[in-house]
Structure formats: structure tokens, C-alpha cells
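See below for query35.txt, which holds compact mmCIF, C-alpha atoms (C1' of nucleotides).
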# COMPACT_ATOMS: atom_id res chain seq x y z
CA MET T 98 68.01 76.95 16.91
CA SER T 99 71.54 77.15 18.19
CA ALA T 100 72.15 80.74 17.24
CA SER T 101 69.04 82.10 18.85
CA THR T 102 69.39 79.97 21.94
CA GLN T 103 72.99 80.93 22.44
CA ALA T 104 73.32 84.15 24.35
CA VAL T 105 73.90 86.78 21.73
CA GLY T 106 75.17 89.34 24.15
CA ASN T 107 74.87 93.09 24.10
CA ALA T 108 74.04 95.47 21.31
CA THR T 109 76.03 98.62 21.60
CA ARG T 110 79.55 97.29 21.18
CA SER T 111 79.93 95.30 17.98
CA LEU T 112 79.55 91.72 19.17
CA ARG T 113 81.98 89.05 18.02
CA LEU T 114 80.87 86.81 15.21
CA THR T 115 82.29 83.35 14.90
CA ARG T 116 82.82 81.91 11.45
CA ALA T 117 79.79 79.67 11.84
CA ARG T 118 77.58 82.50 12.96
CA ARG T 119 78.77 84.78 10.20
CA THR T 120 77.91 82.11 7.65
CA ALA T 121 74.51 81.54 9.22
CA LEU T 122 73.75 85.26 9.05
CA LEU T 123 74.83 85.57 5.43
CA LYS T 124 72.83 82.52 4.42
CA ALA T 125 69.78 83.88 6.17
CA LEU T 126 70.13 87.19 4.33
CA ALA T 127 70.90 85.63 0.96
CA ASP T 128 67.33 84.65 0.21
CA PRO T 129 65.43 87.50 -1.46
CA HIS T 130 62.12 86.88 0.24
CA ARG T 131 63.80 86.59 3.58
CA PHE T 132 65.74 89.79 3.07
CA GLU T 133 62.60 91.61 2.06
CA LEU T 134 60.88 90.28 5.14
CA LEU T 135 63.70 91.56 7.29
CA GLU T 136 63.53 94.93 5.58
CA ARG T 137 59.85 95.13 6.40
CA ILE T 138 60.51 94.32 10.01
CA ALA T 139 63.27 96.88 10.16
CA LYS T 140 61.28 99.63 8.52
CA ALA T 141 58.24 98.97 10.66
CA GLY T 142 60.03 100.50 13.61
CA CYS T 143 57.88 98.52 15.99
CA PRO T 144 57.12 94.79 16.00
CA LEU T 145 55.45 93.56 12.86
CA GLY T 146 52.51 91.19 12.89
CA CYS T 147 52.66 88.15 10.67
CA ALA T 148 49.57 89.24 8.80
CA GLU T 149 51.38 92.41 7.76
CA ALA T 150 54.38 90.38 6.72
CA ARG T 151 52.15 88.02 4.81
CA LYS T 152 50.61 90.84 2.82
CA ALA T 153 54.04 92.08 1.80
CA LEU T 154 55.28 88.81 0.33
CA PRO T 155 53.88 86.59 -2.42
CA ILE T 156 54.33 83.35 -0.50
CA SER T 157 52.17 80.90 1.39
CA ALA T 158 51.74 80.89 5.15
CA ALA T 159 53.79 77.73 5.40
CA THR T 160 56.69 79.31 3.55
CA LEU T 161 56.48 82.47 5.62
CA SER T 162 56.63 80.39 8.75
CA HIS T 163 59.71 78.68 7.41
CA HIS T 164 61.47 81.96 6.69
CA VAL T 165 60.58 83.41 10.05
CA LYS T 166 62.08 80.38 11.70
CA GLU T 167 65.26 80.77 9.66
CA LEU T 168 65.62 84.43 10.60
CA GLU T 169 65.10 83.56 14.23
CA ALA T 170 67.55 80.68 14.08
CA ALA T 171 70.17 82.98 12.62
CA GLY T 172 69.59 85.32 15.53
CA LEU T 173 68.43 88.17 13.32
CA ILE T 174 64.97 88.58 14.80
CA GLU T 175 63.02 88.02 17.96
CA ILE T 176 59.48 86.71 18.11
CA ARG T 177 57.09 87.90 20.75
CA ARG T 178 54.24 85.40 20.96
CA GLU T 179 51.03 86.94 22.11
CA GLY T 180 48.29 84.37 22.04
CA LYS T 181 47.25 83.75 18.50
CA PHE T 182 49.59 86.35 17.07
CA HIS T 183 53.31 86.56 16.70
CA TYR T 184 55.20 89.82 16.48
CA LEU T 185 58.55 90.13 14.80
CA SER T 186 61.31 92.58 15.61
CA LEU T 187 64.97 93.01 14.81
CA ARG T 188 67.48 91.80 17.31
CA PRO T 189 69.59 94.87 17.92
CA GLY T 190 73.29 94.82 17.17
CA VAL T 191 73.39 91.84 14.85
CA LEU T 192 73.14 93.62 11.53
CA GLU T 193 75.54 96.22 12.81
CA ALA T 194 78.05 93.56 13.76
CA LEU T 195 77.85 91.94 10.35
CA ALA T 196 78.15 95.29 8.61
CA ALA T 197 81.20 96.11 10.69
CA LEU T 198 82.75 92.77 9.84
CA LEU T 199 82.27 93.34 6.13
CA ALA T 200 83.50 96.90 6.25
CA ALA T 201 86.59 95.75 8.08
CA LEU T 202 87.55 93.63 5.09
CA ALA T 203 87.66 96.62 2.81
CA PRO T 204 91.03 97.25 1.23
CA SER T 205 93.21 100.22 1.94
CA ALA T 206 94.10 100.25 -1.74
CA CYS T 207 97.26 98.80 -3.24
CA PRO T 208 98.93 101.30 -5.58
CA ARG T 209 98.90 99.65 -8.99
CA GLY T 210 98.15 96.11 -7.92
CA MET Q 246 79.08 87.81 -15.86
CA SER Q 247 76.49 90.55 -15.77
CA ALA Q 248 77.51 92.03 -12.47
CA SER Q 249 81.17 92.25 -13.29
CA THR Q 250 80.60 93.45 -16.83
CA GLN Q 251 78.20 96.12 -15.73
CA ALA Q 252 80.08 99.26 -14.79
CA VAL Q 253 80.24 99.22 -11.04
CA GLY Q 254 81.15 102.83 -10.74
CA ASN Q 255 83.31 104.56 -8.21
CA ALA Q 256 84.50 103.49 -4.83
CA THR Q 257 84.47 106.42 -2.50
CA ARG Q 258 80.77 107.21 -2.43
CA SER Q 259 78.65 104.17 -1.48
CA LEU Q 260 77.40 102.87 -4.82
CA ARG Q 261 73.77 101.92 -5.28
CA LEU Q 262 72.86 98.27 -5.00
CA THR Q 263 69.81 96.92 -6.75
CA ARG Q 264 67.85 94.13 -5.13
CA ALA Q 265 69.27 91.61 -7.57
CA ARG Q 266 72.83 92.72 -7.00
CA ARG Q 267 72.40 92.75 -3.26
CA THR Q 268 71.15 89.17 -3.39
CA ALA Q 269 74.01 88.13 -5.64
CA LEU Q 270 76.53 89.61 -3.22
CA LEU Q 271 74.99 87.95 -0.20
CA LYS Q 272 74.83 84.59 -1.94
CA ALA Q 273 78.45 84.90 -2.97
CA LEU Q 274 79.45 85.64 0.61
CA ALA Q 275 77.26 82.97 2.14
CA ASP Q 276 79.54 80.09 1.24
CA PRO Q 277 82.21 79.53 3.91
CA HIS Q 278 85.01 78.62 1.53
CA ARG Q 279 84.21 81.55 -0.68
CA PHE Q 280 84.17 83.93 2.25
CA GLU Q 281 87.48 82.63 3.46
CA LEU Q 282 88.90 83.07 -0.01
CA LEU Q 283 87.71 86.64 -0.06
CA GLU Q 284 89.22 87.22 3.36
CA ARG Q 285 92.55 85.97 2.08
CA ILE Q 286 92.39 88.26 -0.89
CA ALA Q 287 91.46 91.19 1.32
CA LYS Q 288 94.17 90.54 3.87
CA ALA Q 289 96.81 90.01 1.21
CA GLY Q 290 96.80 93.73 0.53
CA CYS Q 291 98.07 93.13 -2.97
CA PRO Q 292 96.74 90.75 -5.62
CA LEU Q 293 96.77 87.14 -4.56
CA GLY Q 294 97.97 84.35 -6.81
CA CYS Q 295 95.77 81.32 -7.23
CA ALA Q 296 98.47 79.07 -5.87
CA GLU Q 297 98.41 81.03 -2.61
CA ALA Q 298 94.66 80.82 -2.52
CA ARG Q 299 94.84 77.12 -3.21
CA LYS Q 300 97.14 76.52 -0.29
CA ALA Q 301 94.75 78.29 2.03
CA LEU Q 302 91.71 76.20 1.21
CA PRO Q 303 91.09 72.44 1.41
CA ILE Q 304 89.48 72.22 -2.01
CA SER Q 305 90.41 71.03 -5.48
CA ALA Q 306 91.57 73.31 -8.27
CA ALA Q 307 88.29 72.79 -10.06
CA THR Q 308 86.32 73.92 -7.05
CA LEU Q 309 88.57 76.89 -6.48
CA SER Q 310 88.05 77.93 -10.06
CA HIS Q 311 84.32 77.70 -9.55
CA HIS Q 312 84.42 79.91 -6.47
CA VAL Q 313 86.67 82.45 -8.12
CA LYS Q 314 84.21 82.69 -10.95
CA GLU Q 315 81.34 83.20 -8.53
CA LEU Q 316 83.16 85.98 -6.71
CA GLU Q 317 83.92 87.66 -9.98
CA ALA Q 318 80.37 87.27 -11.24
CA ALA Q 319 79.09 88.91 -8.09
CA GLY Q 320 81.44 91.81 -8.73
CA LEU Q 321 83.37 91.28 -5.54
CA ILE Q 322 86.77 90.68 -7.10
CA GLU Q 323 88.80 91.46 -10.17
CA ILE Q 324 91.06 89.02 -11.95
CA ARG Q 325 94.23 90.17 -13.60
CA ARG Q 326 95.33 87.49 -16.03
CA GLU Q 327 99.03 87.42 -16.58
CA GLY Q 328 99.96 84.58 -18.86
CA LYS Q 329 99.64 81.35 -17.01
CA PHE Q 330 98.80 82.97 -13.73
CA HIS Q 331 95.73 84.78 -12.45
CA TYR Q 332 95.84 87.36 -9.69
CA LEU Q 333 92.87 88.18 -7.52
CA SER Q 334 92.07 91.46 -5.87
CA LEU Q 335 89.09 93.06 -4.18
CA ARG Q 336 86.95 95.37 -6.19
CA PRO Q 337 86.93 98.52 -4.13
CA GLY Q 338 83.70 99.92 -2.78
CA VAL Q 339 81.56 96.83 -3.09
CA LEU Q 340 81.94 95.45 0.40
CA GLU Q 341 81.60 98.95 1.76
CA ALA Q 342 78.36 99.44 -0.11
CA LEU Q 343 76.91 96.21 1.20
CA ALA Q 344 78.03 97.01 4.72
CA ALA Q 345 76.41 100.42 4.48
CA LEU Q 346 73.19 98.86 3.21
CA LEU Q 347 73.05 96.45 6.13
CA ALA Q 348 73.93 99.09 8.67
CA ALA Q 349 71.17 101.29 7.30
CA LEU Q 350 68.61 98.66 8.23
CA ALA Q 351 69.57 98.83 11.87
CA PRO Q 352 66.73 99.85 14.16
CA SER Q 353 66.61 103.08 16.08
CA ALA Q 354 65.09 101.09 18.94
CA CYS Q 355 61.41 100.97 19.79
CA PRO Q 356 60.88 101.57 23.50
CA ARG Q 357 59.40 98.35 24.87
CA GLY Q 358 58.75 96.63 21.54
C1' DT G 131 107.70 70.43 -31.14
C1' DA G 132 107.04 68.13 -26.88
C1' DA G 133 106.60 68.33 -21.98
C1' DT G 134 104.96 70.76 -18.09
C1' DC G 135 102.26 73.48 -15.38
C1' DA G 136 98.02 76.72 -14.37
C1' DA G 137 93.54 77.17 -14.84
C1' DT G 138 89.01 75.98 -16.85
C1' DT G 139 85.33 73.11 -18.49
C1' DC G 140 82.63 68.88 -18.44
C1' DG G 141 79.70 65.42 -16.45
C1' DA G 142 78.12 63.39 -12.48
C1' DT G 143 76.73 63.17 -7.69
C1' DA G 144 75.23 64.36 -3.16
C1' DG G 145 73.36 67.59 -0.06
C1' DT G 146 70.59 71.60 0.73
C1' DT G 147 66.49 74.32 0.57
C1' DA G 148 62.46 77.14 -1.10
C1' DT G 149 58.07 76.00 -2.03
C1' DC G 150 53.47 74.19 -1.60
C1' DG G 151 49.00 71.76 0.05
C1' DA G 152 47.21 69.24 3.60
C1' DA G 153 46.99 68.09 8.20
C1' DA G 154 47.88 69.36 12.91
C1' DT G 155 48.29 72.49 16.84
C1' DG G 156 46.97 76.25 19.54
C1' DT G 157 44.07 80.35 20.74
C1' DC G 158 40.08 82.86 21.16
C1' DG G 159 35.12 84.09 20.96
C1' DA G 160 30.34 82.51 20.67
C1' DT N 167 32.25 72.76 23.46
C1' DC N 168 32.35 74.23 18.76
C1' DG N 169 33.91 76.85 15.02
C1' DA N 170 37.00 80.29 13.11
C1' DC N 171 41.40 81.85 12.67
C1' DA N 172 46.87 82.06 13.12
C1' DT N 173 50.68 79.55 12.87
C1' DT N 174 53.33 75.32 12.52
C1' DT N 175 54.51 70.74 11.04
C1' DC N 176 54.63 67.11 7.61
C1' DG N 177 55.72 65.05 3.29
C1' DA N 178 56.90 65.71 -1.25
C1' DT N 179 59.02 68.00 -5.12
C1' DA N 180 61.92 70.87 -7.90
C1' DA N 181 65.79 73.71 -8.30
C1' DC N 182 70.21 74.90 -7.03
C1' DT N 183 75.03 74.25 -5.97
C1' DA N 184 79.45 72.60 -3.81
C1' DT N 185 82.31 69.12 -4.87
C1' DC N 186 85.26 66.04 -7.40
C1' DG N 187 88.07 63.51 -11.20
C1' DA N 188 88.96 63.57 -15.86
C1' DA N 189 89.54 65.86 -19.99
C1' DT N 190 90.67 70.32 -22.06
C1' DT N 191 92.68 74.78 -23.07
C1' DG N 192 96.42 77.89 -22.90
C1' DA N 193 101.08 79.52 -21.81
C1' DT N 194 105.89 78.72 -20.84
C1' DT N 195 110.14 76.37 -21.33
C1' DA N 196 113.28 72.74 -22.74

The structure given in the file should be rewritten as C-alpha cells.
Amino acid sequence: MSASTQAVGNATRSLRLTRARRTALLKALADPHRFELLERIAKAGCPLGCAEARKALPISAATLSHHVKELEAAGLIEIRREGKFHYLSLRPGVLEALAALLAALAPSACPRG
Amino acid sequence: MSASTQAVGNATRSLRLTRARRTALLKALADPHRFELLERIAKAGCPLGCAEARKALPISAATLSHHVKELEAAGLIEIRREGKFHYLSLRPGVLEALAALLAALAPSACPRG
DNA sequence: TAATCAATTCGATAGTTATCGAAATGTCGA
DNA sequence: TCGACATTTCGATAACTATCGAATTGATTA
């Protein structure tokens, strides 16, 4: 709730991630079904209907709803509600920011550590 | 055990991550204390002693040992055992590979999703 | 050998969460 | 309004795991 409510800011210039937000993102990504769901959304190019998502994962509707909520809470996706249907899309910049954060940790190599 | 035993390969050219390994990495990173530990190791430049690590985190020795084992099992760090002391260092290429994987999911933007 | 220190293992506990079926809510068409 | 359908909420359960203190293992030094 907090993460998605909080203004996430722009997309183009690697947004800052607080410790809490970084942890929330990693936890959201650390579940296999959730990651696969996110992959589907990403690869779809355009917003994915829940029915499509449902077909791709071997889980119940209740569980899918739970995961969608988690992804939204982490600020990874946006949900466009159109009557009966909900459409899922990636929130731009977030994955990039996390990737940048991880890459920035990479070592410059210590000769014979 | 499996992830660290399994040959992880080189560092320079983004190694392949299986689904299972990807999940293991994300789970390892998703714990705040563990992430902070990894950050310390990364920023240390050269192998970090456990005592140093211990000072940086508000956890018991037993818990630290547990986290170190998890990081090693995920293949994120290497442990050089030198008598009584253990020294921790980043395994090169792993964070980069994960970062690349995440960045690759980023959307090319769908006009008016 | 005995004492000391680093690190691990053990056993237990508390908190978290993925999962489901069933019930509820909300939307649309007949 | 009624029924069909999409999604969510509820309540319960099972599995996982972060955490600790205590006991253990292993290495160094007196």
C-alpha cells in the first residue's frame, strides 16, 4: 500500500530507492510465481488482462489476486481497472532502478584477495 | 550448497541464470540484514573478516553464521577460511548477471497503455 | 594440555506468507 | 432485477525462516 501510494517519481533517471523500498522490491521478486507473473506482464508489451495471467500460472484466482496486490504494493506494476476487468502493466523505471542498484555493488576486483 | 558447488563460470560475460538460481539469488537478497552484509562485503573492496561484519550488524554470531551460509549457498559470496578466521568476498559476475536480467525485463513503453 | 577465541550446529520459538475454498463484492448483459 | 462472470476478501492451514542461547567444533596460544 505505502509503496504504490507514495509518489514514485519519474522513470528516465534512476530513481532513488530507500532501504525499505529496496527490500520490498526484492521480496516481491523473490517469489517464483510472482516473478513469472511479472515476466509475463513485461513481455506482453501492452497491459495484460488477468485472464491471460491466470492461464499462465498454476494457481487459484484468490492466490493470483494476492500476488497482484503484492506487486502493486511494491510499486512494480500499475493496475488499470476497466469495469469487470483489470489490466496489469509494468511501472516504468522501477526495475531499472533496482538493476542499477545491484550493478553498483559489483566489485572492481581485488588483486588476490 | 548446490549453487556454490556448481561451477558458476566466468565473470565478464553475463552468466546464464536458471529460474531456480534466479529465485535463490532474489531470496538471498530479500532479507535486510543479509543485504546489508553483502553491501559491507562489496564496499570493503577486499575480503571482510567476520568480526568486521559482526560489528556492522545488530545480530548474534549464530544468526550471522546463518546469513553467511545463505549468501554462500546462493552463490553470492566466497569464503576463504584461514585458520580460526573466515574472510568474505563477493563472487564476481553474479550481481551483474542478476542486474542484467532485471534490466532486460524493462519495458520499451507502450504508447497509452 | 588447558584456556581462549572464532565460528558452527542444535533446538526452540515467533513471525511471515503462499495457498486454498468459500463467501462477498462489483460489473455487465438479458 | 436476475444471473453470469471477474476479482477480492475472509479464515484457516502449512511451510518457511530469522532469531536466539546453549552446546559444540576447531584453531591458536600459554

Could you list, as a list in words, every residue within 12 Å of region 175-183 of chain N, counting all atoms listed in the file and ignoring same-chain residues fewer than 5 positions away?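 The contact residues come out as Ala159, Thr160, Ser162 and His163 of chain T; Lys272, Ala273, Asp276, Thr308, His311, His312 and Glu315 of chain Q; DT143, DA144, DG145, DT146, DT147, DA148, DT149, DC150, DG151, DA152, DA153, DA154 and DT155 of chain G.
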
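Shortest atom-to-atom contact with chain N among T:Arg188, T:Arg113, T:His183, T:Arg119: T:His183, counting only C-alpha atoms (C1' of nucleotides).
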
Please produce chain T as a compact mmCIF listing (two decimals) with C-alpha atoms, in the frame of the given file once it has been superposed on chain Q, the fit using all Cα atoms paired in sequence order.
# COMPACT_ATOMS: atom_id res chain seq x y z
CA MET T 98 78.76 87.50 -15.65
CA SER T 99 76.25 90.29 -15.63
CA ALA T 100 77.39 91.89 -12.42
CA SER T 101 81.03 92.08 -13.36
CA THR T 102 80.33 93.18 -16.89
CA GLN T 103 77.98 95.90 -15.80
CA ALA T 104 79.81 99.06 -14.93
CA VAL T 105 80.11 99.02 -11.18
CA GLY T 106 80.94 102.66 -10.91
CA ASN T 107 83.13 104.47 -8.43
CA ALA T 108 84.41 103.45 -5.05
CA THR T 109 84.48 106.36 -2.71
CA ARG T 110 80.79 107.20 -2.50
CA SER T 111 78.72 104.20 -1.47
CA LEU T 112 77.44 102.89 -4.79
CA ARG T 113 73.79 101.96 -5.21
CA LEU T 114 72.90 98.31 -4.96
CA THR T 115 69.87 97.00 -6.73
CA ARG T 116 67.90 94.20 -5.13
CA ALA T 117 69.32 91.69 -7.58
CA ARG T 118 72.87 92.80 -6.99
CA ARG T 119 72.44 92.80 -3.24
CA THR T 120 71.19 89.22 -3.40
CA ALA T 121 74.05 88.20 -5.67
CA LEU T 122 76.57 89.67 -3.23
CA LEU T 123 75.02 87.99 -0.21
CA LYS T 124 74.85 84.65 -1.98
CA ALA T 125 78.47 84.95 -3.01
CA LEU T 126 79.48 85.67 0.59
CA ALA T 127 77.27 82.99 2.11
CA ASP T 128 79.53 80.11 1.18
CA PRO T 129 82.20 79.53 3.84
CA HIS T 130 84.99 78.61 1.48
CA ARG T 131 84.21 81.56 -0.71
CA PHE T 132 84.16 83.94 2.23
CA GLU T 133 87.47 82.60 3.45
CA LEU T 134 88.89 83.05 -0.01
CA LEU T 135 87.72 86.63 -0.05
CA GLU T 136 89.22 87.20 3.38
CA ARG T 137 92.55 85.94 2.10
CA ILE T 138 92.40 88.26 -0.85
CA ALA T 139 91.49 91.16 1.37
CA LYS T 140 94.19 90.50 3.92
CA ALA T 141 96.83 89.99 1.28
CA GLY T 142 96.82 93.71 0.61
CA CYS T 143 98.10 93.12 -2.89
CA PRO T 144 96.79 90.74 -5.56
CA LEU T 145 96.82 87.13 -4.53
CA GLY T 146 98.02 84.35 -6.79
CA CYS T 147 95.81 81.33 -7.21
CA ALA T 148 98.50 79.05 -5.85
CA GLU T 149 98.42 80.99 -2.59
CA ALA T 150 94.66 80.78 -2.53
CA ARG T 151 94.83 77.08 -3.26
CA LYS T 152 97.12 76.46 -0.31
CA ALA T 153 94.70 78.23 2.02
CA LEU T 154 91.65 76.15 1.16
CA PRO T 155 91.03 72.40 1.31
CA ILE T 156 89.41 72.18 -2.11
CA SER T 157 90.34 71.02 -5.58
CA ALA T 158 91.54 73.29 -8.35
CA ALA T 159 88.27 72.84 -10.17
CA THR T 160 86.28 73.96 -7.15
CA LEU T 161 88.57 76.92 -6.56
CA SER T 162 88.07 77.97 -10.13
CA HIS T 163 84.34 77.77 -9.63
CA HIS T 164 84.43 79.95 -6.53
CA VAL T 165 86.68 82.50 -8.15
CA LYS T 166 84.25 82.77 -11.00
CA GLU T 167 81.37 83.27 -8.58
CA LEU T 168 83.19 86.04 -6.72
CA GLU T 169 83.98 87.72 -10.00
CA ALA T 170 80.44 87.36 -11.26
CA ALA T 171 79.14 88.98 -8.10
CA GLY T 172 81.50 91.86 -8.73
CA LEU T 173 83.43 91.31 -5.52
CA ILE T 174 86.83 90.71 -7.08
CA GLU T 175 88.86 91.51 -10.13
CA ILE T 176 91.13 89.07 -11.91
CA ARG T 177 94.32 90.22 -13.53
CA ARG T 178 95.41 87.55 -15.99
CA GLU T 179 99.12 87.47 -16.51
CA GLY T 180 100.02 84.62 -18.79
CA LYS T 181 99.76 81.39 -16.93
CA PHE T 182 98.86 83.04 -13.65
CA HIS T 183 95.82 84.84 -12.41
CA TYR T 184 95.90 87.42 -9.65
CA LEU T 185 92.92 88.20 -7.49
CA SER T 186 92.11 91.48 -5.81
CA LEU T 187 89.13 93.08 -4.13
CA ARG T 188 87.00 95.41 -6.14
CA PRO T 189 87.00 98.55 -4.05
CA GLY T 190 83.75 99.95 -2.72
CA VAL T 191 81.60 96.87 -3.04
CA LEU T 192 81.98 95.47 0.45
CA GLU T 193 81.64 98.96 1.82
CA ALA T 194 78.41 99.48 -0.07
CA LEU T 195 76.96 96.24 1.23
CA ALA T 196 78.05 97.02 4.77
CA ALA T 197 76.44 100.43 4.53
CA LEU T 198 73.23 98.89 3.25
CA LEU T 199 73.08 96.47 6.15
CA ALA T 200 73.95 99.09 8.72
CA ALA T 201 71.22 101.30 7.35
CA LEU T 202 68.65 98.67 8.28
CA ALA T 203 69.60 98.81 11.92
CA PRO T 204 66.79 99.84 14.22
CA SER T 205 66.70 103.03 16.19
CA ALA T 206 65.14 101.06 19.02
CA CYS T 207 61.45 100.93 19.83
CA PRO T 208 60.84 101.57 23.54
CA ARG T 209 59.24 98.40 24.85
CA GLY T 210 58.26 96.83 21.56

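What chain T places within 7 Å of chain Q, counting only C-alpha atoms, is T:Thr120, T:Leu123, T:Lys124, T:Leu126, T:Ala127, T:Asp128, T:Pro129, T:Glu136, T:Ala139, T:Gly142, T:Cys143, T:Pro144, T:Pro189, T:Leu192, T:Glu193, T:Ala196, T:Ala197, T:Leu199, T:Ala200, T:Leu202, T:Ala203, T:Pro204, T:Cys207, T:Gly210.
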
Using only C-alpha atoms (C1' of nucleotides), find the one residue out of T:His130, T:Lys166, T:Arg118, T:Lys152 that sits nearest to chain G. T:His130

Please measure the separation of CA of Gly172 (chain T) and CA of Cys147 (chain T), giving the value in Å to one decimal. 17.8 Å

Pull out every residue of chain N sitting within 8 Å of chain T, counting all atoms listed in the file, and send them as number ranges by chain. N: 172-174

Any idea what the distance is between C1' of DA170 (chain N) and CA of Ala150 (chain T)? 21.1 Å

May I ask you to extract the residues of chain G within 9 Å of chain Q, using only C-alpha atoms (C1' of nucleotides), and to give them as a list in words? DC135, DA136, DA137, DT138 and DT139 of chain G

Between CA of Leu114 (chain T) and CA of Arg178 (chain T), what is the spacing in Å? 27.3 Å

How big is the axis-aligned box, and where does its centre sit, when it encloses all atoms of region 135-145 of chain G listed in the file and has 8 Å added on every side, reported in Å to one decimal as JSON?
{"center_x": 87.8, "center_y": 70.2, "center_z": -9.3, "size_x": 44.9, "size_y": 30.0, "size_z": 34.4}
